[in-house]
Amino acid sequence: MTDVLSIVPRPSIAAGKPLLEVKNLVTEFALRTGVFRAVDDLSFSIEPGKTLCVVGESGSGKSVTARSILQIVDSPGEIASGSILLHRPDGTSLDLAKLNPRSRAIRSVRGRDIAMIFQEPMSSLSPVHTVGDQITEVLRLHLNMSKAQARTEAISLLRQVEIPDPEKALDRYAFQYSGGMRQRAMIAMALACKPQLLIADEPTTALDVTTQAEILDLIKRLQQSTGMAVLFITHDMGVVAQIADDVLVMHHGVAKEYGPVEQIFHAPQDPYTRMLIGSVLKLEQKAEIRLARPPLDTTAEPILTIRNLSMHFGDMKALNDVSIALLPGETLGIVGESGSGKTTMGRSIMRLYDPTGGEMLYRRADGKVVDLAKLEGAELKAARRELRMVFQDPFGSLNPRMTVAQVIGEPLLVNGIARGKELDERVCHLMDQVGLDPAGRERYPHAFSGGQRQRIGIARAITLNPRIIVADEATSALDVSVRFQVLDLLMRLQDELGLAYIFISHDIGVIRYMCDRVGVMYRGKLVEVGEADKVCNAPDHPYTQALISAIPRPDPRDRDRSRRFRYTEPSQVKNGSTAG
Amino acid sequence: MLKFIVKRLFWMIPSLFAVSFLAFVLIQLPPGDFVTTYIATLASSNEVVDQNTAAQLRERFGLDQPMLIQYLKWIWGILTRGDFGISFEWQQPVSGLIWERMALTLVLALVSLIATWALALPIGVYSAVKKYSIGDYAFTAFTFFGLSIPSFLLALVLMYVAAVEFGADVGGLFSPEYEMASWSLAKMYDLLTHLWLPVAILAISSTASLIRVMRANMLDELPKPYVTTARAKGLSEFRLLIKYPLRIALNPFISTIAWLLPNLISGSVVVAIVLNLPTAAPLLLQSLMAQDMYLAGAFVLLICALTLIGSLISDILLALVDPRIRLE
């Protein structure tokens, strides 16, 4: 925090006067069913040069709060009451809440005094205009620059956000940038007019953890050099701990707690905040269920042995000579960044892809060993009954036109195992097992929350008494408070049913909580395999070290950014512009 | 890009041959030929043609030869001399007949196209931006009306209203005294006074569907994050609409050029017949009914060529407008 305090506040701003004061803000959405209050009686203020983090789970109203400040809430949302006072450096004050969303006054604030960056850097930039066009547009609009001036300025902005070769990058399109570069371009665009406040709405959620660390560093550095305030919206408590001066915790549109970051993390007052911090800290260590277990029998014959598995898509080696074994009853974590091949690996094991090389030896319950890579027809079908999958997206992976009973019972029905009353009874039992009320089995998936839907997905996976479950990012779409409940459920089922898991995730916290052993993937290769404790705390491979170093620690007292570094392959040094 | 265009042009050659052959076969498929139709027409006016005359006629037209030979002769004439053959019915060169009608067809099609776009695009954008407003409901009602009324019915009603209520001269594109006259300012003015009715009829139904398409395209684009980004920059709502969502919502329109060109000829057949317009469509219909195979074949070939050229143009335009297509 000291680095932030060292900034000298701009002399024009009266001492002690905050940059932005939000008082009793209410934002409502008029719906057919009545008025939905997305933000309810919210008050906070932001000092120049400081960072306020607004944190909350999905549906907490944090994004609507940010958009209310600029009056860009999507229709039919509008500010119902309250005030948003902007104290400009020239001494004037403006109540943004009173302005018409289409008025000239609010338009002169947008992009000039207050700028905003968004979550999804790809879709937030126009696909048919060059990045340069979109940056110069804001310069010409607010600062009345000529075309040539704006272009020179845009090049220097891109240089500031460390985009290589800015003269050429300016004339490229967003889809030619990698994920991290796009977010840098967004930042350059937002900072073009040197705003006093930058609103960042989950700017790093769609990025890999190493890219996230770089973007956070960049924002911090720019904040120090320009003295702007930052309103940072996130659901990631680790990020909050790393960058916030003050924290506002929101839940269902209401402020639960508002105070300095130190207080929020080390002396939380509100029960909801405590729960939030608790569930984050829970993921910092091994699960209690696993601590209570007897140690895993490492001498047992592995249930699945993968040898030299390769999967090439044309020239792209998504899996490059991967070898790993899975023991019975074990949870094997596969961790890596986007594009590392971890999802390809899960799908190859399920034979959703036909691997281009190598073998996957599966030991059946009767002791017979079969090669999954070569199975065909009835034998493949039989093996697929024993290997099941849980998917990432709890919304997309359930057919919206099937009732929950149909979704869960379908594997029983298509395999001709149960029908009629027996089917119904087994569905009820399965729903009980995953902690859902069987009374809701005739309802459709949309009536369930994200966590409940993931439970439905898990029930579907265990219907046929499988022996191995491949879980691909099974909890990454869930809020943190729901996440560990689903993880606990998976481990309970493991004890009850003797399952072995292959748990694919980019989240080291989840891996540490859940897994016995971990394999780390990087560009299609398995660079490190070892005990979860060892890999998460003292990894051997430099890539794993870099990955671990980039993870934001959920403790504001632990903010040493100097230990962070980016891994570059020793043989071929690339500029890091792989697809985000 | 140039390589792409050359490649596409090269591929058009076999497609055109295949299509021309198919067209030729299709026209010959119905039982009988032009001579049988001709004899039937004469018979209806109590003139009897004996077998010998019929055979002579067939020989003169080359109809007694196998189909393949007829086709090869025809296509050879087109390739070497640009000769599309003689229309049996009109006893004139086919190319002359077609070009005579194409000028007015083009004028009518272009004017109604411009009218359609000029109306539909702004209305579609308005309907999308002011979704569920009174204006949107009014335009929606209009579009459903325009879509559900068959254009020939609209033509009949408008003709009746124009002729009976306003005493306007309807039908055709010229007053009788100008029909054969050479081009002059007075003839131009006469054309304009006749043009508005077919243009209005053709524009109403196509405007209606285009408004729906534009509205749907815009509604897809408006909630996209890049629109919010532009708004957060401080752009005015109008500039923002024009520069970002409209630009992308127009892409599907560029794709429609592919079937817009052939529509110049074959589109609006019913309206053209009802209004007695001297455009290409009624001639096409007439040639098909009379089994006037060189005329019909030339028309089908022209329509196919225009379809291929249209899709080439729309592909090139799409690549120019959308960098995602150009660069990926």
# chains A, B, ... in the order shown; residues from 1 in each chain; ligands from 1
call {"tool": "residues_around", "arguments": {"residues": "segment 311-319 of chain A", "least_positions_apart": "3", "cutoff": "12 Å", "atoms": "only C-alpha atoms", "output": "PyMOL selection string"}}
result
chain A and resi 306-308+322-323+338-349+351-359+373+521-527
call {"tool": "residues_around", "arguments": {"residues": "Val22 of chain A", "least_positions_apart": "6", "cutoff": "7 Å", "atoms": "only C-alpha atoms", "output": "number ranges by chain"}}
result
A: 43-45, 83-85
call {"tool": "write_last_selection", "arguments": {"atoms": "C-alpha atoms", "output": "PDB file, in the first residue's frame"}}
result
ATOM      1  CA  SER A  43     -23.112   4.692  -0.668  1.00  0.00           C
ATOM      2  CA  PHE A  44     -19.357   4.865  -1.129  1.00  0.00           C
ATOM      3  CA  SER A  45     -16.649   7.275  -2.179  1.00  0.00           C
ATOM      4  CA  SER A  83     -26.714  10.952  -6.160  1.00  0.00           C
ATOM      5  CA  ILE A  84     -23.340  10.393  -7.806  1.00  0.00           C
ATOM      6  CA  LEU A  85     -21.201  13.468  -7.195  1.00  0.00           C
TER       7      LEU A  85
END
call {"tool": "residues_around", "arguments": {"residues": "segment 11-13 of chain B", "least_positions_apart": "2", "cutoff": "12 Å", "atoms": "only C-alpha atoms", "output": "compact mmCIF listing (two decimals) with all heavy atoms, in the first residue's frame"}}
result
# COMPACT_ATOMS: atom_id res chain seq x y z
N PHE B 4 -7.86 -15.06 -55.30
CA PHE B 4 -9.19 -15.55 -54.95
C PHE B 4 -10.19 -15.25 -56.06
O PHE B 4 -10.95 -16.11 -56.49
CB PHE B 4 -9.60 -14.90 -53.62
CG PHE B 4 -11.06 -14.99 -53.29
CD1 PHE B 4 -11.60 -16.16 -52.78
CD2 PHE B 4 -11.89 -13.90 -53.47
CE1 PHE B 4 -12.93 -16.24 -52.46
CE2 PHE B 4 -13.23 -13.97 -53.15
CZ PHE B 4 -13.76 -15.15 -52.65
N ILE B 5 -10.14 -14.00 -56.57
CA ILE B 5 -11.10 -13.61 -57.61
C ILE B 5 -10.87 -14.41 -58.89
O ILE B 5 -11.81 -14.93 -59.49
CB ILE B 5 -10.98 -12.09 -57.90
CG1 ILE B 5 -11.38 -11.30 -56.65
CG2 ILE B 5 -11.85 -11.69 -59.08
CD1 ILE B 5 -11.16 -9.82 -56.77
N VAL B 6 -9.59 -14.55 -59.27
CA VAL B 6 -9.28 -15.30 -60.49
C VAL B 6 -9.75 -16.74 -60.35
O VAL B 6 -10.37 -17.32 -61.25
CB VAL B 6 -7.76 -15.24 -60.78
CG1 VAL B 6 -7.39 -16.20 -61.89
CG2 VAL B 6 -7.36 -13.82 -61.13
N LYS B 7 -9.50 -17.32 -59.19
CA LYS B 7 -9.90 -18.69 -58.94
C LYS B 7 -11.42 -18.83 -59.06
O LYS B 7 -11.93 -19.76 -59.68
CB LYS B 7 -9.42 -19.09 -57.54
CG LYS B 7 -9.17 -20.58 -57.38
CD LYS B 7 -8.48 -20.86 -56.04
CE LYS B 7 -9.23 -21.92 -55.27
NZ LYS B 7 -8.79 -22.00 -53.88
N ARG B 8 -12.11 -17.88 -58.45
CA ARG B 8 -13.58 -17.94 -58.49
C ARG B 8 -14.08 -17.82 -59.94
O ARG B 8 -14.96 -18.56 -60.35
CB ARG B 8 -14.17 -16.81 -57.63
CG ARG B 8 -14.14 -17.09 -56.16
CD ARG B 8 -15.13 -18.18 -55.78
NE ARG B 8 -16.49 -17.82 -56.12
CZ ARG B 8 -17.30 -17.21 -55.29
NH1 ARG B 8 -16.90 -16.92 -54.07
NH2 ARG B 8 -18.53 -16.89 -55.64
N LEU B 9 -13.46 -16.89 -60.70
CA LEU B 9 -13.88 -16.70 -62.09
C LEU B 9 -13.65 -17.98 -62.88
O LEU B 9 -14.47 -18.40 -63.69
CB LEU B 9 -13.11 -15.54 -62.71
CG LEU B 9 -13.60 -14.15 -62.32
CD1 LEU B 9 -12.65 -13.08 -62.84
CD2 LEU B 9 -15.00 -13.91 -62.86
N SER B 15 -19.26 -24.36 -64.00
CA SER B 15 -20.61 -24.23 -63.44
C SER B 15 -21.57 -23.74 -64.52
O SER B 15 -22.69 -24.26 -64.65
CB SER B 15 -20.66 -23.24 -62.28
OG SER B 15 -19.46 -23.16 -61.61
N LEU B 16 -21.12 -22.76 -65.31
CA LEU B 16 -22.00 -22.22 -66.34
C LEU B 16 -22.35 -23.29 -67.38
O LEU B 16 -23.50 -23.39 -67.81
CB LEU B 16 -21.33 -21.03 -67.03
CG LEU B 16 -21.62 -19.67 -66.38
CD1 LEU B 16 -20.89 -18.57 -67.11
CD2 LEU B 16 -23.11 -19.40 -66.37
N PHE B 17 -21.36 -24.11 -67.76
CA PHE B 17 -21.64 -25.17 -68.72
C PHE B 17 -22.66 -26.14 -68.16
O PHE B 17 -23.65 -26.49 -68.83
CB PHE B 17 -20.34 -25.91 -69.08
CG PHE B 17 -19.66 -25.32 -70.26
CD1 PHE B 17 -18.47 -24.61 -70.14
CD2 PHE B 17 -20.24 -25.43 -71.52
CE1 PHE B 17 -17.86 -24.04 -71.22
CE2 PHE B 17 -19.62 -24.87 -72.62
CZ PHE B 17 -18.43 -24.16 -72.47
N ALA B 18 -22.42 -26.56 -66.92
CA ALA B 18 -23.33 -27.53 -66.30
C ALA B 18 -24.74 -26.95 -66.25
O ALA B 18 -25.72 -27.61 -66.61
CB ALA B 18 -22.84 -27.87 -64.89
N VAL B 19 -24.82 -25.70 -65.84
CA VAL B 19 -26.12 -25.07 -65.69
C VAL B 19 -26.82 -24.92 -67.04
O VAL B 19 -28.00 -25.21 -67.18
CB VAL B 19 -25.96 -23.71 -64.99
CG1 VAL B 19 -27.14 -22.81 -65.27
CG2 VAL B 19 -25.78 -23.91 -63.50
N SER B 20 -26.05 -24.51 -68.08
CA SER B 20 -26.66 -24.30 -69.38
C SER B 20 -27.20 -25.61 -69.93
O SER B 20 -28.29 -25.66 -70.50
CB SER B 20 -25.65 -23.68 -70.34
OG SER B 20 -24.61 -24.61 -70.58
N LEU B 79 -20.68 -19.32 -78.06
CA LEU B 79 -19.26 -19.16 -77.77
C LEU B 79 -18.52 -18.48 -78.91
O LEU B 79 -17.67 -17.64 -78.69
CB LEU B 79 -18.62 -20.52 -77.49
CG LEU B 79 -18.96 -21.13 -76.12
CD1 LEU B 79 -18.30 -22.48 -75.97
CD2 LEU B 79 -18.52 -20.19 -75.01
N CYS B 304 -28.64 -17.59 -64.49
CA CYS B 304 -27.59 -18.33 -63.79
C CYS B 304 -26.30 -17.53 -63.75
O CYS B 304 -25.63 -17.45 -62.73
CB CYS B 304 -27.34 -19.66 -64.47
SG CYS B 304 -28.73 -20.75 -64.31
N ALA B 305 -25.95 -16.94 -64.89
CA ALA B 305 -24.73 -16.14 -64.92
C ALA B 305 -24.81 -15.01 -63.92
O ALA B 305 -23.87 -14.73 -63.18
CB ALA B 305 -24.51 -15.59 -66.33
N LEU B 306 -25.99 -14.37 -63.87
CA LEU B 306 -26.15 -13.26 -62.92
C LEU B 306 -26.05 -13.75 -61.48
O LEU B 306 -25.50 -13.07 -60.62
CB LEU B 306 -27.49 -12.56 -63.15
CG LEU B 306 -27.54 -11.66 -64.38
CD1 LEU B 306 -28.92 -11.09 -64.57
CD2 LEU B 306 -26.52 -10.53 -64.25
N THR B 307 -26.59 -14.97 -61.21
CA THR B 307 -26.47 -15.52 -59.85
C THR B 307 -25.01 -15.70 -59.47
O THR B 307 -24.57 -15.31 -58.39
CB THR B 307 -27.18 -16.88 -59.75
OG1 THR B 307 -28.48 -16.75 -60.30
CG2 THR B 307 -27.26 -17.37 -58.33
N LEU B 308 -24.24 -16.28 -60.41
CA LEU B 308 -22.83 -16.53 -60.12
C LEU B 308 -22.07 -15.21 -59.94
O LEU B 308 -21.30 -15.05 -59.00
CB LEU B 308 -22.20 -17.34 -61.25
CG LEU B 308 -22.67 -18.80 -61.34
CD1 LEU B 308 -22.13 -19.47 -62.58
CD2 LEU B 308 -22.24 -19.56 -60.10
N ILE B 309 -22.34 -14.26 -60.85
CA ILE B 309 -21.66 -12.97 -60.74
C ILE B 309 -22.07 -12.27 -59.45
O ILE B 309 -21.25 -11.70 -58.73
CB ILE B 309 -21.98 -12.09 -61.97
CG1 ILE B 309 -21.34 -12.72 -63.21
CG2 ILE B 309 -21.47 -10.67 -61.77
CD1 ILE B 309 -21.84 -12.11 -64.50
N GLY B 310 -23.37 -12.37 -59.14
CA GLY B 310 -23.87 -11.74 -57.91
C GLY B 310 -23.18 -12.30 -56.68
O GLY B 310 -22.75 -11.55 -55.80
N SER B 311 -23.02 -13.63 -56.61
CA SER B 311 -22.37 -14.16 -55.40
C SER B 311 -20.91 -13.78 -55.38
O SER B 311 -20.36 -13.54 -54.30
CB SER B 311 -22.57 -15.66 -55.25
OG SER B 311 -22.76 -16.28 -56.48
N LEU B 312 -20.28 -13.69 -56.55
CA LEU B 312 -18.88 -13.25 -56.56
C LEU B 312 -18.78 -11.81 -56.04
O LEU B 312 -17.96 -11.50 -55.18
CB LEU B 312 -18.33 -13.34 -57.98
CG LEU B 312 -16.87 -12.89 -58.11
CD1 LEU B 312 -15.96 -13.83 -57.35
CD2 LEU B 312 -16.45 -12.82 -59.56
call {"tool": "select_by_dssp", "arguments": {"residues": "segment 311-551 of chain A", "states": "helix (DSSP H, G or I)", "output": "number ranges by chain"}}
result
A: 342-349, 377-386, 404-414, 420-433, 438-442, 445-447, 450-462, 480-497, 508-514, 532-537, 542-550
call {"tool": "residues_around", "arguments": {"residues": "Leu327 of chain B", "least_positions_apart": "6", "cutoff": "10 Å", "atoms": "only C-alpha atoms", "output": "list in words"}}
result
Tyr173, Phe175 and Gln176 of chain A; Met1 and Ala319 of chain B
call {"tool": "write_last_selection", "arguments": {"atoms": "N, CA, C and O atoms", "output": "short mmCIF file (atom, residue, chain, number, x, y, z; two decimals), in the first residue's frame"}}
result
data_model
loop_
_atom_site.label_atom_id
_atom_site.label_comp_id
_atom_site.auth_asym_id
_atom_site.auth_seq_id
_atom_site.Cartn_x
_atom_site.Cartn_y
_atom_site.Cartn_z
N TYR A 173 -6.51 -5.39 -36.33
CA TYR A 173 -7.85 -5.55 -35.77
C TYR A 173 -7.77 -6.35 -34.48
O TYR A 173 -6.81 -7.08 -34.24
N PHE A 175 -9.17 -8.98 -33.47
CA PHE A 175 -9.05 -10.44 -33.51
C PHE A 175 -7.65 -10.90 -33.89
O PHE A 175 -7.34 -12.07 -33.84
N GLN A 176 -6.80 -9.94 -34.29
CA GLN A 176 -5.41 -10.31 -34.56
C GLN A 176 -4.54 -10.20 -33.32
O GLN A 176 -3.36 -10.48 -33.35
N MET B 1 -6.09 -11.80 -52.51
CA MET B 1 -7.42 -11.35 -52.92
C MET B 1 -7.61 -11.53 -54.43
O MET B 1 -8.60 -12.12 -54.86
N ALA B 319 -15.69 -9.28 -48.17
CA ALA B 319 -14.29 -9.30 -47.78
C ALA B 319 -13.75 -7.89 -47.61
O ALA B 319 -12.97 -7.60 -46.71
#
call {"tool": "residues_around", "arguments": {"residues": "Arg453 of chain A", "least_positions_apart": "6", "cutoff": "9 Å", "atoms": "only C-alpha atoms", "output": "VMD selection string"}}
result
chain A and resid 394 to 395 398 445 to 446
call {"tool": "write_last_selection", "arguments": {"atoms": "C-alpha atoms", "output": "PDB file, in the first residue's frame"}}
result
ATOM      1  CA  PRO A 394     -23.712 -25.784 -16.024  1.00  0.00           C
ATOM      2  CA  PHE A 395     -26.013 -23.862 -18.369  1.00  0.00           C
ATOM      3  CA  LEU A 398     -28.091 -29.536 -19.770  1.00  0.00           C
ATOM      4  CA  PRO A 445     -32.977 -26.947 -15.719  1.00  0.00           C
ATOM      5  CA  HIS A 446     -33.700 -23.217 -15.930  1.00  0.00           C
TER       6      HIS A 446
END
call {"tool": "residues_around", "arguments": {"residues": "Gly396 of chain A", "least_positions_apart": "5", "cutoff": "12 Å", "atoms": "only C-alpha atoms", "output": "MDAnalysis selection string"}}
result
chainID A and resid 390:391 401 445:446 450 453:454 457 477
call {"tool": "write_last_selection", "arguments": {"atoms": "all heavy atoms", "output": "CSV table (one decimal), in the first residue's frame"}}
result
chain,number,residue,atom,x,y,z
A,390,VAL,N,-18.0,-34.7,-16.4
A,390,VAL,CA,-18.8,-33.5,-15.9
A,390,VAL,C,-18.2,-32.3,-16.6
A,390,VAL,O,-17.0,-32.1,-16.7
A,390,VAL,CB,-18.6,-33.4,-14.3
A,390,VAL,CG1,-19.3,-32.2,-13.9
A,390,VAL,CG2,-19.1,-34.6,-13.6
A,391,PHE,N,-19.1,-31.5,-17.1
A,391,PHE,CA,-18.6,-30.4,-18.0
A,391,PHE,C,-18.5,-29.1,-17.2
A,391,PHE,O,-19.0,-28.9,-16.1
A,391,PHE,CB,-19.6,-30.2,-19.2
A,391,PHE,CG,-19.6,-31.4,-20.0
A,391,PHE,CD1,-20.5,-32.4,-19.8
A,391,PHE,CD2,-18.7,-31.6,-21.1
A,391,PHE,CE1,-20.6,-33.6,-20.6
A,391,PHE,CE2,-18.8,-32.7,-21.9
A,391,PHE,CZ,-19.7,-33.7,-21.6
A,401,ARG,N,-34.8,-28.5,-22.8
A,401,ARG,CA,-36.1,-29.0,-23.0
A,401,ARG,C,-36.4,-30.4,-22.3
A,401,ARG,O,-37.3,-31.1,-22.6
A,401,ARG,CB,-36.4,-29.1,-24.5
A,401,ARG,CG,-36.5,-27.8,-25.1
A,401,ARG,CD,-36.5,-27.8,-26.5
A,401,ARG,NE,-36.3,-26.4,-27.0
A,401,ARG,CZ,-36.8,-25.9,-28.0
A,401,ARG,NH1,-37.6,-26.6,-28.7
A,401,ARG,NH2,-36.6,-24.6,-28.3
A,445,PRO,N,-34.2,-27.5,-16.3
A,445,PRO,CA,-33.0,-26.9,-15.7
A,445,PRO,C,-33.0,-25.5,-15.4
A,445,PRO,O,-32.3,-25.0,-14.5
A,445,PRO,CB,-32.0,-27.3,-16.8
A,445,PRO,CG,-32.5,-28.5,-17.5
A,445,PRO,CD,-34.0,-28.3,-17.4
A,446,HIS,N,-33.8,-24.7,-16.2
A,446,HIS,CA,-33.7,-23.2,-15.9
A,446,HIS,C,-34.2,-22.8,-14.5
A,446,HIS,O,-33.9,-21.7,-14.1
A,446,HIS,CB,-34.5,-22.5,-17.0
A,446,HIS,CG,-36.0,-22.7,-16.8
A,446,HIS,ND1,-36.8,-21.9,-16.0
A,446,HIS,CD2,-36.8,-23.5,-17.4
A,446,HIS,CE1,-38.0,-22.3,-16.1
A,446,HIS,NE2,-38.1,-23.3,-16.9
A,450,GLY,N,-26.9,-22.1,-10.7
A,450,GLY,CA,-25.7,-22.7,-11.3
A,450,GLY,C,-25.1,-23.9,-10.5
A,450,GLY,O,-24.8,-24.9,-11.0
A,453,ARG,N,-27.4,-26.9,-10.8
A,453,ARG,CA,-27.3,-27.5,-12.2
A,453,ARG,C,-26.0,-28.3,-12.2
A,453,ARG,O,-26.0,-29.4,-12.9
A,453,ARG,CB,-27.2,-26.4,-13.2
A,453,ARG,CG,-28.5,-25.8,-13.5
A,453,ARG,CD,-28.2,-24.8,-14.6
A,453,ARG,NE,-29.1,-23.7,-14.5
A,453,ARG,CZ,-29.6,-23.0,-15.5
A,453,ARG,NH1,-29.3,-23.4,-16.7
A,453,ARG,NH2,-30.4,-22.1,-15.3
A,454,GLN,N,-25.0,-27.9,-11.6
A,454,GLN,CA,-23.8,-28.7,-11.6
A,454,GLN,C,-24.0,-30.0,-10.9
A,454,GLN,O,-23.5,-31.0,-11.2
A,454,GLN,CB,-22.6,-27.9,-11.1
A,454,GLN,CG,-21.2,-28.3,-11.6
A,454,GLN,CD,-21.1,-28.3,-13.1
A,454,GLN,OE1,-21.9,-29.0,-13.8
A,454,GLN,NE2,-20.1,-27.6,-13.7
A,457,GLY,N,-25.6,-32.3,-13.2
A,457,GLY,CA,-24.6,-32.8,-14.1
A,457,GLY,C,-23.8,-34.0,-13.5
A,457,GLY,O,-23.5,-34.9,-14.1
A,477,ALA,N,-17.2,-22.2,-13.3
A,477,ALA,CA,-18.3,-21.2,-13.6
A,477,ALA,C,-19.1,-20.9,-12.3
A,477,ALA,O,-20.1,-20.2,-12.4
A,477,ALA,CB,-19.2,-21.8,-14.7
call {"tool": "interface_residues", "arguments": {"of": "chain A", "to": "chain B", "cutoff": "6 Å", "atoms": "only C-alpha atoms", "output": "PyMOL selection string"}}
result
chain A and resi 107+110-111+123-126+128
call {"tool": "closest_atom_pairs", "arguments": {"of": "segment 132-218 of chain A", "to": "segment 542-562 of chain A", "cutoff": "8 Å", "atoms": "only C-alpha atoms", "output": "CSV"}}
result
residue,atom,partner,partner_atom,distance
A:Val209,CA,A:Ala550,CA,6.1
A:Thr210,CA,A:Ala550,CA,5.3
A:Ala213,CA,A:Ala550,CA,5.7
call {"tool": "write_last_selection", "arguments": {"atoms": "N, CA and C atoms", "output": "tab-separated table (two decimals), in the first residue's frame"}}
result
chain	number	residue	atom	x	y	z
A	209	VAL	N	-3.95	-16.69	-15.68
A	209	VAL	CA	-3.47	-16.10	-14.43
A	209	VAL	C	-2.16	-15.32	-14.64
A	210	THR	N	-1.28	-15.80	-15.53
A	210	THR	CA	-0.04	-15.03	-15.74
A	210	THR	C	-0.34	-13.72	-16.47
A	213	ALA	N	-1.84	-11.29	-13.99
A	213	ALA	CA	-0.85	-10.63	-13.15
A	213	ALA	C	-0.22	-9.46	-13.89
call {"tool": "atom_distance", "arguments": {"atom1": "atom CA of Pro166 of chain A", "atom2": "atom CA of Pro121 of chain A"}}
result
18.2 Å
call {"tool": "closest_residue", "arguments": {"among": "A:Asp472, A:Asp171, A:Ile456, A:Arg564", "to": "Asp217 of chain A", "atoms": "only C-alpha atoms"}}
result
A:Arg564
call {"tool": "residues_around", "arguments": {"residues": "Phe253 of chain B", "least_positions_apart": "3", "cutoff": "10 Å", "atoms": "only C-alpha atoms", "output": "ChimeraX atom specification"}}
result
/B:117,210,213-214,217,249-250,256-258,314,318
call {"tool": "closest_residue", "arguments": {"among": "A:Asp165, A:Glu137, A:Asp432, A:Glu410", "to": "Leu489 of chain A", "atoms": "only C-alpha atoms"}}
result
A:Asp432
call {"tool": "atom_distance", "arguments": {"atom1": "atom CA of Ala300 of chain A", "atom2": "atom CA of Ile324 of chain A"}}
result
14.9 Å
